[in-house]
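A.B. asks: File upload.cif below, mmCIF, C-alpha atoms:
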data_input
loop_
_atom_site.label_atom_id
_atom_site.label_comp_id
_atom_site.auth_asym_id
_atom_site.auth_seq_id
_atom_site.Cartn_x
_atom_site.Cartn_y
_atom_site.Cartn_z
CA MET P 1 -19.76 -9.95 -11.73
CA LYS P 2 -19.19 -8.67 -8.24
CA HIS P 3 -22.28 -10.43 -7.01
CA THR P 4 -21.19 -13.61 -8.74
CA LYS P 5 -17.88 -13.59 -6.87
CA VAL P 6 -19.60 -12.91 -3.57
CA LEU P 7 -21.92 -15.79 -4.27
CA LEU P 8 -19.02 -18.05 -5.21
CA ALA P 9 -17.11 -17.18 -2.06
CA SER P 10 -20.15 -17.73 0.09
CA LEU P 11 -20.85 -21.04 -1.57
CA LEU P 12 -17.30 -22.24 -1.03
CA VAL P 13 -17.39 -21.37 2.65
CA ALA P 14 -20.85 -22.81 3.02
CA SER P 15 -19.79 -25.96 1.21
CA GLY P 16 -16.98 -26.39 3.68
CA PHE P 17 -19.28 -26.05 6.64
CA ALA P 18 -21.88 -28.24 4.98
CA ALA P 19 -19.36 -30.96 4.32
CA GLN P 20 -18.26 -30.74 7.94
CA ALA P 21 -21.86 -31.02 9.06
CA ALA P 22 -22.33 -33.96 6.77
CA HIS P 23 -19.37 -35.68 8.42
CA ALA P 24 -17.03 -35.86 5.49
CA THR P 25 -14.35 -37.02 7.82
CA SER P 26 -11.14 -38.94 8.02
CA GLY P 27 -9.36 -40.29 11.05
CA TRP P 28 -8.05 -37.94 13.73
CA THR P 29 -4.64 -38.65 15.21
CA GLY P 30 -3.26 -36.63 18.07
CA THR P 31 -2.31 -36.35 21.71
CA ALA P 32 -4.28 -35.59 24.84
CA ASP P 33 -3.23 -33.70 27.95
CA TYR P 34 -6.03 -34.30 30.41
CA THR P 35 -4.30 -32.18 33.06
CA GLN P 36 -5.42 -29.15 31.05
CA ALA P 37 -8.98 -30.02 32.02
CA LEU P 38 -8.39 -31.41 35.49
CA ALA P 39 -5.31 -31.55 37.70
CA GLY P 40 -4.19 -34.93 38.93
CA THR P 41 -4.97 -36.74 35.70
CA GLY P 42 -2.45 -37.51 32.95
CA THR P 43 -1.25 -37.24 29.42
CA VAL P 44 -1.13 -39.65 26.52
CA GLY P 45 0.94 -39.77 23.36
CA THR P 46 -0.35 -40.00 19.84
CA PHE P 47 -3.53 -42.03 19.56
CA ASP P 48 -6.64 -42.24 17.37
CA THR P 49 -9.14 -44.39 19.26
CA TYR P 50 -10.66 -44.78 22.70
CA ASP P 51 -11.04 -48.43 23.61
CA ALA P 52 -13.84 -48.89 26.12
CA ALA P 53 -14.25 -51.63 28.69
CA PRO P 54 -17.32 -53.84 28.54
CA GLY P 55 -20.04 -51.48 29.65
CA VAL P 56 -23.70 -51.78 30.42
CA VAL P 57 -26.49 -51.10 27.95
CA LEU P 58 -30.05 -50.71 29.14
CA LEU P 59 -32.86 -50.77 26.58
CA GLN P 60 -36.28 -49.64 27.69
CA SER P 61 -39.17 -50.30 25.31
CA THR P 62 -41.01 -47.32 23.92
CA GLY P 63 -43.41 -49.34 21.81
CA THR P 64 -43.90 -51.62 18.84
CA THR P 65 -45.48 -51.21 15.45
CA GLY P 66 -46.65 -53.86 13.06
CA SER P 67 -46.81 -57.52 13.91
CA GLY P 68 -45.21 -60.80 13.03
CA SER P 69 -42.36 -60.50 10.58
CA SER P 70 -43.07 -56.78 10.05
CA GLN P 71 -42.93 -55.87 13.73
CA VAL P 72 -40.59 -53.06 14.72
CA SER P 73 -39.70 -52.48 18.36
CA THR P 74 -38.39 -49.13 19.53
CA PHE P 75 -36.26 -48.44 22.57
CA ASN P 76 -34.62 -45.71 24.57
CA GLY P 77 -31.09 -46.84 25.31
CA PHE P 78 -28.58 -45.90 27.97
CA TYR P 79 -24.91 -46.82 28.06
CA GLN P 80 -22.03 -46.25 30.40
CA SER P 81 -18.50 -47.55 30.57
CA TYR P 82 -14.91 -46.44 30.98
CA VAL P 83 -11.83 -46.25 28.77
CA THR P 84 -9.30 -49.02 29.20
CA ASN P 85 -6.81 -48.02 26.53
CA HIS P 86 -5.80 -45.43 24.00
CA LEU P 87 -5.07 -47.04 20.66
CA LEU P 88 -3.06 -46.01 17.64
CA ALA P 89 -3.72 -48.11 14.55
CA GLY P 90 -4.99 -50.83 16.84
CA ASN P 91 -1.97 -50.85 19.12
CA VAL P 92 -2.09 -49.82 22.77
CA VAL P 93 -0.50 -46.46 23.55
CA PRO P 94 0.93 -46.17 27.09
CA SER P 95 -1.20 -43.91 29.26
CA LEU P 96 0.41 -43.70 32.68
CA GLY P 97 -2.07 -43.46 35.52
CA LEU P 98 -5.18 -44.33 33.55
CA ASN P 99 -7.56 -46.26 35.82
CA SER P 100 -5.15 -45.98 38.74
CA THR P 101 -4.89 -42.24 39.40
CA TYR P 102 -7.47 -41.02 36.94
CA GLU P 103 -10.23 -42.37 34.73
CA LEU P 104 -12.06 -41.61 31.52
CA THR P 105 -15.73 -42.52 31.48
CA ALA P 106 -18.25 -42.54 28.67
CA VAL P 107 -22.02 -42.21 28.81
CA ALA P 108 -24.60 -42.18 26.05
CA SER P 109 -28.34 -41.96 25.56
CA PHE P 110 -29.87 -43.03 22.30
CA ALA P 111 -32.99 -44.18 20.52
CA GLU P 112 -33.06 -47.28 18.40
CA SER P 113 -35.41 -49.59 16.59
CA VAL P 114 -35.12 -53.29 15.98
CA THR P 115 -37.04 -55.17 13.34
CA ALA P 116 -38.37 -58.68 13.75
CA ALA P 117 -35.52 -59.84 11.55
CA GLY P 118 -33.04 -58.27 13.97
CA ALA P 119 -31.98 -55.19 12.01
CA ILE P 120 -30.90 -52.49 14.45
CA SER P 121 -31.20 -48.82 13.54
CA VAL P 122 -29.92 -46.15 15.90
CA THR P 123 -31.92 -43.03 15.13
CA GLY P 124 -30.21 -40.47 17.35
CA GLY P 125 -28.75 -39.71 20.71
CA ASN P 126 -25.96 -38.00 22.54
CA PHE P 127 -22.79 -38.91 24.36
CA SER P 128 -20.10 -37.48 26.61
CA ILE P 129 -16.63 -38.47 27.73
CA TYR P 130 -15.50 -37.34 31.16
CA VAL P 131 -12.09 -37.18 32.79
CA ASP P 132 -11.99 -37.65 36.54
CA ASN P 133 -9.07 -37.53 38.97
CA THR P 134 -10.79 -40.12 41.13
CA THR P 135 -11.21 -43.68 39.87
CA ASN P 136 -14.65 -44.17 41.31
CA HIS P 137 -16.95 -45.49 38.58
CA ASN P 138 -19.23 -48.20 39.89
CA PHE P 139 -21.62 -50.13 37.66
CA GLY P 140 -23.54 -51.65 40.56
CA ALA P 141 -24.09 -48.32 42.26
CA ASP P 142 -24.72 -46.50 38.96
CA SER P 143 -22.30 -43.80 40.01
CA GLY P 144 -19.00 -42.21 39.12
CA PHE P 145 -19.57 -42.00 35.37
CA THR P 146 -20.55 -38.35 35.02
CA ASP P 147 -18.37 -36.77 37.68
CA GLY P 148 -15.14 -35.03 36.86
CA VAL P 149 -15.08 -32.81 33.78
CA SER P 150 -16.67 -33.37 30.38
CA ILE P 151 -13.94 -33.12 27.76
CA LEU P 152 -15.71 -34.32 24.63
CA SER P 153 -19.39 -34.57 23.78
CA GLY P 154 -21.78 -34.61 20.89
CA ASN P 155 -24.52 -36.38 19.05
CA ILE P 156 -25.00 -39.90 17.88
CA ILE P 157 -26.01 -39.33 14.29
CA SER P 158 -26.84 -42.82 13.20
CA GLY P 159 -26.10 -46.43 13.66
CA SER P 160 -26.93 -49.78 12.18
CA GLY P 161 -26.38 -53.34 13.12
CA VAL P 162 -27.91 -56.69 13.66
CA ALA P 163 -29.26 -58.58 16.65
CA SER P 164 -30.44 -62.09 17.13
CA PRO P 165 -34.15 -62.42 17.91
CA SER P 166 -33.49 -62.82 21.64
CA PHE P 167 -30.72 -60.20 21.70
CA SER P 168 -28.30 -62.94 22.71
CA PHE P 169 -26.06 -61.46 20.04
CA GLY P 170 -25.90 -57.97 18.65
CA ALA P 171 -23.46 -55.58 17.04
CA THR P 172 -23.91 -51.97 15.99
CA ASP P 173 -21.77 -49.49 14.11
CA ILE P 174 -22.39 -45.88 15.07
CA THR P 175 -21.48 -42.50 13.64
CA ILE P 176 -21.01 -39.59 16.00
CA GLN P 177 -20.78 -35.83 15.60
CA VAL P 178 -18.57 -34.06 18.11
CA THR P 179 -20.17 -30.74 19.02
CA SER P 180 -17.93 -29.76 21.92
CA PHE P 181 -14.50 -30.69 23.18
CA ASN P 182 -11.78 -29.17 25.33
CA ALA P 183 -9.36 -27.66 22.83
CA ALA P 184 -6.67 -27.41 25.50
CA VAL P 185 -6.75 -31.18 25.96
CA TYR P 186 -6.61 -32.41 22.38
CA ASN P 187 -3.80 -31.57 19.99
CA PRO P 188 -4.56 -30.93 17.22
CA ALA P 189 -7.91 -29.48 18.24
CA THR P 190 -9.61 -30.53 15.03
CA ILE P 191 -12.03 -33.25 16.13
CA VAL P 192 -15.45 -33.11 14.48
CA GLY P 193 -16.75 -36.63 14.71
CA GLY P 194 -15.99 -40.25 14.80
CA GLY P 195 -17.29 -43.73 14.57
CA GLY P 196 -17.35 -46.86 16.57
CA GLU P 197 -18.56 -50.37 16.87
CA TYR P 198 -20.25 -51.94 19.84
CA SER P 199 -21.08 -55.57 20.25
CA ARG P 200 -22.63 -57.63 22.93
CA CYS P 201 -19.76 -59.34 24.71
CA ALA P 202 -21.62 -62.18 26.35
CA MET V 1 -32.71 -59.99 29.96
CA ASN V 2 -30.29 -61.02 32.63
CA ASN V 3 -27.68 -63.15 31.00
CA PRO V 4 -25.51 -64.78 33.69
CA LEU V 5 -22.39 -63.92 31.71
CA ASP V 6 -23.42 -60.29 31.73
CA ALA V 7 -23.97 -60.51 35.45
CA SER V 8 -20.46 -61.79 36.00
CA LEU V 9 -19.07 -58.95 33.94
CA LEU V 10 -21.11 -56.13 35.37
CA GLY V 11 -22.47 -57.30 38.69
CA PRO V 12 -26.00 -56.67 39.75
CA ILE V 13 -27.19 -53.58 37.91
CA THR V 14 -30.37 -51.91 39.05
CA SER V 15 -30.08 -48.65 37.16
CA VAL V 16 -28.12 -47.07 34.31
CA MET V 17 -27.63 -43.31 34.10
CA GLY V 18 -30.31 -42.95 36.71
CA ASN V 19 -32.82 -45.05 34.78
CA THR V 20 -34.11 -47.87 36.94
CA VAL V 21 -34.09 -51.31 35.39
CA ALA V 22 -37.70 -52.46 35.15
CA PRO V 23 -39.20 -55.84 34.33
CA GLY V 24 -39.13 -56.32 30.59
CA ASP V 25 -36.13 -54.05 30.02
CA LEU V 26 -33.18 -55.42 28.11
CA LYS V 27 -29.83 -55.20 29.83
CA TYR V 28 -26.56 -56.47 28.48
CA ALA V 29 -22.83 -55.87 28.35
CA ALA V 30 -21.34 -54.24 25.29
CA ASP V 31 -17.73 -53.90 24.26
CA GLY V 32 -16.64 -51.25 21.82
CA TYR V 33 -14.49 -48.37 20.76
CA ILE V 34 -14.68 -44.84 19.39
CA ALA V 35 -12.31 -43.69 16.66
CA LEU V 36 -12.12 -39.89 16.43
CA ALA V 37 -12.32 -38.03 13.13
CA VAL V 38 -11.44 -34.72 11.50
CA PRO V 39 -12.90 -33.05 8.41
CA GLU V 40 -11.53 -34.38 5.15
CA ALA V 41 -8.81 -32.31 3.51
CA GLN V 42 -11.15 -31.25 0.70
CA THR V 43 -13.48 -29.76 3.33
CA TYR V 44 -10.67 -27.58 4.62
CA ALA V 45 -9.73 -26.69 1.04
CA MET V 46 -13.23 -25.48 0.23
CA MET V 47 -13.45 -23.39 3.39
CA LEU V 48 -9.99 -21.93 2.84
CA ALA V 49 -10.73 -21.07 -0.78
CA GLY V 50 -13.97 -19.37 0.17
CA LEU V 51 -12.45 -17.43 3.05
CA THR V 52 -9.53 -16.34 0.88
CA LEU V 53 -11.88 -15.04 -1.77
CA VAL V 54 -13.98 -13.22 0.81
CA GLY V 55 -10.85 -11.61 2.25
CA PHE V 56 -9.60 -10.59 -1.20
CA MET V 57 -12.91 -9.00 -2.09
CA ALA V 58 -13.13 -7.17 1.24
CA ARG V 59 -9.65 -5.76 0.69
CA ARG V 60 -10.50 -4.66 -2.84
CA ASN V 61 -13.72 -3.04 -1.69
CA ALA V 62 -11.84 -1.19 1.06
CA ARG V 63 -9.39 0.18 -1.50
CA SER V 64 -12.11 1.26 -3.90
CA THR V 65 -13.90 3.27 -1.21
CA VAL V 66 -10.81 5.29 -0.24
#
Can I see the file as structure tokens?

C.D. replies:
Amino acid sequence: MKHTKVLLASLLVASGFAAQAAHATSGWTGTADYTQALAGTGTVGTFDTYDAAPGVVLLQSTGTTGSGSSQVSTFNGFYQSYVTNHLLAGNVVPSLGLNSTYELTAVASFAESVTAAGAISVTGGNFSIYVDNTTNHNFGADSGFTDGVSILSGNIISGSGVASPSFSFGATDITIQVTSFNAAVYNPATIVGGGGEYSRCA
Amino acid sequence: MNNPLDASLLGPITSVMGNTVAPGDLKYAADGYIALAVPEAQTYAMMLAGLTLVGFMARRNARSTV
């Protein structure tokens, strides 16, 4: 009996962690005080989403398998951009000083495959969000995206989407797992994951 | 791929995260968002129930060994 209870307790705890690992998640809503990570930044009221500016995606081929309609192309991808707004239920939340006195930048590396029919599958990757008290990101110079302090990072678990044959159009939904974040910045400090959608904007 | 609309959005890009753009690479602009998430309530409930039971059993074991 005693062993049964120990087993039950262990299973309940393990189930909780397993569910967390499996991303049984619902939306996070909270505030952020970026000054806790880096002086000279700012704070923002209740929000649930980071809205990113059009950023750059670079896909470098790692090979192809099959041919014709069964061809699958694989790529290593790299992404960088910056946050333009904090959103709450789709509405912009005021964030004084964002992109004037401080900036939030996002970078990601990922692997993906694209079938001949245009089905995109993101198979893994990682990402980080940085806060910086200097607004110095520069797409042309490929600089200013990973300076400052990392406040939230993790893995890209999966993603799926569709692209036109020439990549003139593409959209991908992704699921992320947050493995590290600054608990002094986010309140409540309960973030475990998230999701997003990226689409080609031109 | 060097779509002129991408170029107007992003300017001339020769590398991304230190990876030099090479002939044949695909490069484009992407717009998106990230919504943050927490564990579902039932996840917390399972963990809490398990931890409570572990704590109860530890307390009972401590008493029985006195």

A.B. asks: Any chance you could resolve the PyMOL selection byres ((chain P and resi 61) around 6) against this file and give the residues as a list in words?

C.D. replies: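 That selection, the PyMOL selection byres ((chain P and resi 61) around 6), comes back as Gln60, Thr62, Gly63, Thr74 and Phe75 of chain P.
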
A.B. asks: So which one's closest to Ile13 (chain V), P:Tyr102, P:Phe47, P:Phe139, P:Phe127? Using all atoms listed in the file, please.

C.D. replies: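 Using all atoms listed in the file, Ile13 (chain V) sits closest to P:Phe139.
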
A.B. asks: Nearest to Lys27 (chain V) among P:Val149, P:Val114, P:Leu59, P:Ala37, with distances taken over all atoms listed in the file: which residue is it?

C.D. replies: P:Leu59

A.B. asks: Check which residues satisfy the PyMOL selection byres ((chain V and resi 18) around 10) in the file shown, then give them as a PyMOL selection string.

C.D. replies: (chain P and resi 78+141-143) or (chain V and resi 14-17+19-21)

A.B. asks: Just give me the gap between CA of Ile129 (chain P) and CA of Gly24 (chain V) in Å, one decimal is fine.

C.D. replies: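 According to the coordinates, CA of Ile129 (chain P) and CA of Gly24 (chain V) are separated by 28.9 Å.
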
A.B. asks: Selection in question (the file shown): the PyMOL selection byres ((chain V and resi 35) around 6). Which residues does it include, as a list in words?

C.D. replies: Asp48, Thr49, Gly194, Gly195 and Gly196 of chain P; Ile34 and Leu36 of chain V

A.B. asks: Figure out the distance between CA of Asn133 (chain P) and CA of Gly40 (chain P), please, to one decimal in Å.

C.D. replies: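 Pair CA of Gly40 (chain P) / CA of Asn133 (chain P) returns 5.5 Å.
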
A.B. asks: One decimal, Å: what's the distance from CA of Gln177 (chain P) over to CA of Ala111 (chain P), could you say?

C.D. replies: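 Computing the Euclidean distance for CA of Gln177 (chain P) and CA of Ala111 (chain P) yields 15.6 Å.
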
A.B. asks: Box along x, y and z, 8 Å on every side, all listed atoms of region 20-29 of chain V inside: centre and edge lengths in Å to one decimal, as lines of an AutoDock Vina configuration file.

C.D. replies:
center_x = -31.0
center_y = -52.2
center_z = 32.5
size_x = 32.4
size_y = 24.6
size_z = 24.8

A.B. asks: Rank P:Leu38, P:Ala106, P:Ala32, P:Ala189 by their smallest atom-to-atom distance to Val57 (chain P), using only C-alpha atoms, and report the top residue only.

C.D. replies: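 So, comparing all the options, the nearest one is P:Ala106.
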
A.B. asks: Within 7 Å of Ser153 (chain P), counting all atoms listed in the file, which residues qualify if same-chain residues fewer than 5 places away don't, as a PDB file with C-alpha atoms, keeping the file's coordinate frame?

C.D. replies:
ATOM      1  CA  PHE P 127     -22.790 -38.910  24.360  1.00  0.00           C
ATOM      2  CA  SER P 128     -20.100 -37.480  26.610  1.00  0.00           C
ATOM      3  CA  ILE P 129     -16.630 -38.470  27.730  1.00  0.00           C
ATOM      4  CA  VAL P 178     -18.570 -34.060  18.110  1.00  0.00           C
ATOM      5  CA  THR P 179     -20.170 -30.740  19.020  1.00  0.00           C
ATOM      6  CA  SER P 180     -17.930 -29.760  21.920  1.00  0.00           C
ATOM      7  CA  PHE P 181     -14.500 -30.690  23.180  1.00  0.00           C
TER       8      PHE P 181
END

A.B. asks: Which of these, P:Gly144, P:Gly161, P:Gly55, P:Gly77, has the shortest distance to chain V once you count only C-alpha atoms?

C.D. replies: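 The closest residue to chain V is P:Gly55.
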
A.B. asks: Between P:Ile176, P:Ala52, P:Leu96, P:Val162, single out the one closest to chain V, counting only C-alpha atoms.

C.D. replies: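 That would be P:Ala52, the residue with the smallest distance to chain V.
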
A.B. asks: Between P:Asn182, P:Thr31, P:Thr135, P:Thr190, which one has atoms that come closest to Tyr82 (chain P), using all atoms listed in the file?

C.D. replies: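 Closest residue, counting all atoms listed in the file: P:Thr135.
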
A.B. asks: Would you mind listing what lies within 8 Å of Phe110 (chain P) as a count of residues only, with all atoms listed in the file counted and same-chain residues fewer than 6 positions away left out?

C.D. replies: 9

A.B. asks: Using only C-alpha atoms - which residues lie no farther than 7 Å from the point (-15.3, -39.9, 34.1) in the file's frame? Write them as an mmCIF file with C-alpha atoms, keeping the file's coordinate frame.

C.D. replies:
data_model
loop_
_atom_site.group_PDB
_atom_site.id
_atom_site.type_symbol
_atom_site.label_atom_id
_atom_site.label_comp_id
_atom_site.auth_asym_id
_atom_site.auth_seq_id
_atom_site.Cartn_x
_atom_site.Cartn_y
_atom_site.Cartn_z
ATOM 1 C CA GLU P 103 -10.230 -42.370 34.730
ATOM 2 C CA LEU P 104 -12.060 -41.610 31.520
ATOM 3 C CA THR P 105 -15.730 -42.520 31.480
ATOM 4 C CA ALA P 106 -18.250 -42.540 28.670
ATOM 5 C CA ILE P 129 -16.630 -38.470 27.730
ATOM 6 C CA TYR P 130 -15.500 -37.340 31.160
ATOM 7 C CA VAL P 131 -12.090 -37.180 32.790
ATOM 8 C CA ASP P 132 -11.990 -37.650 36.540
ATOM 9 C CA GLY P 144 -19.000 -42.210 39.120
ATOM 10 C CA PHE P 145 -19.570 -42.000 35.370
ATOM 11 C CA THR P 146 -20.550 -38.350 35.020
ATOM 12 C CA ASP P 147 -18.370 -36.770 37.680
ATOM 13 C CA GLY P 148 -15.140 -35.030 36.860
#

A.B. asks: For Ala37 (chain V), work out the shell of residues within 7 Å, counting only C-alpha atoms and skipping chain neighbours fewer than 4 positions away, then give it as a PyMOL selection string.

C.D. replies: chain P and resi 25-28+191-194
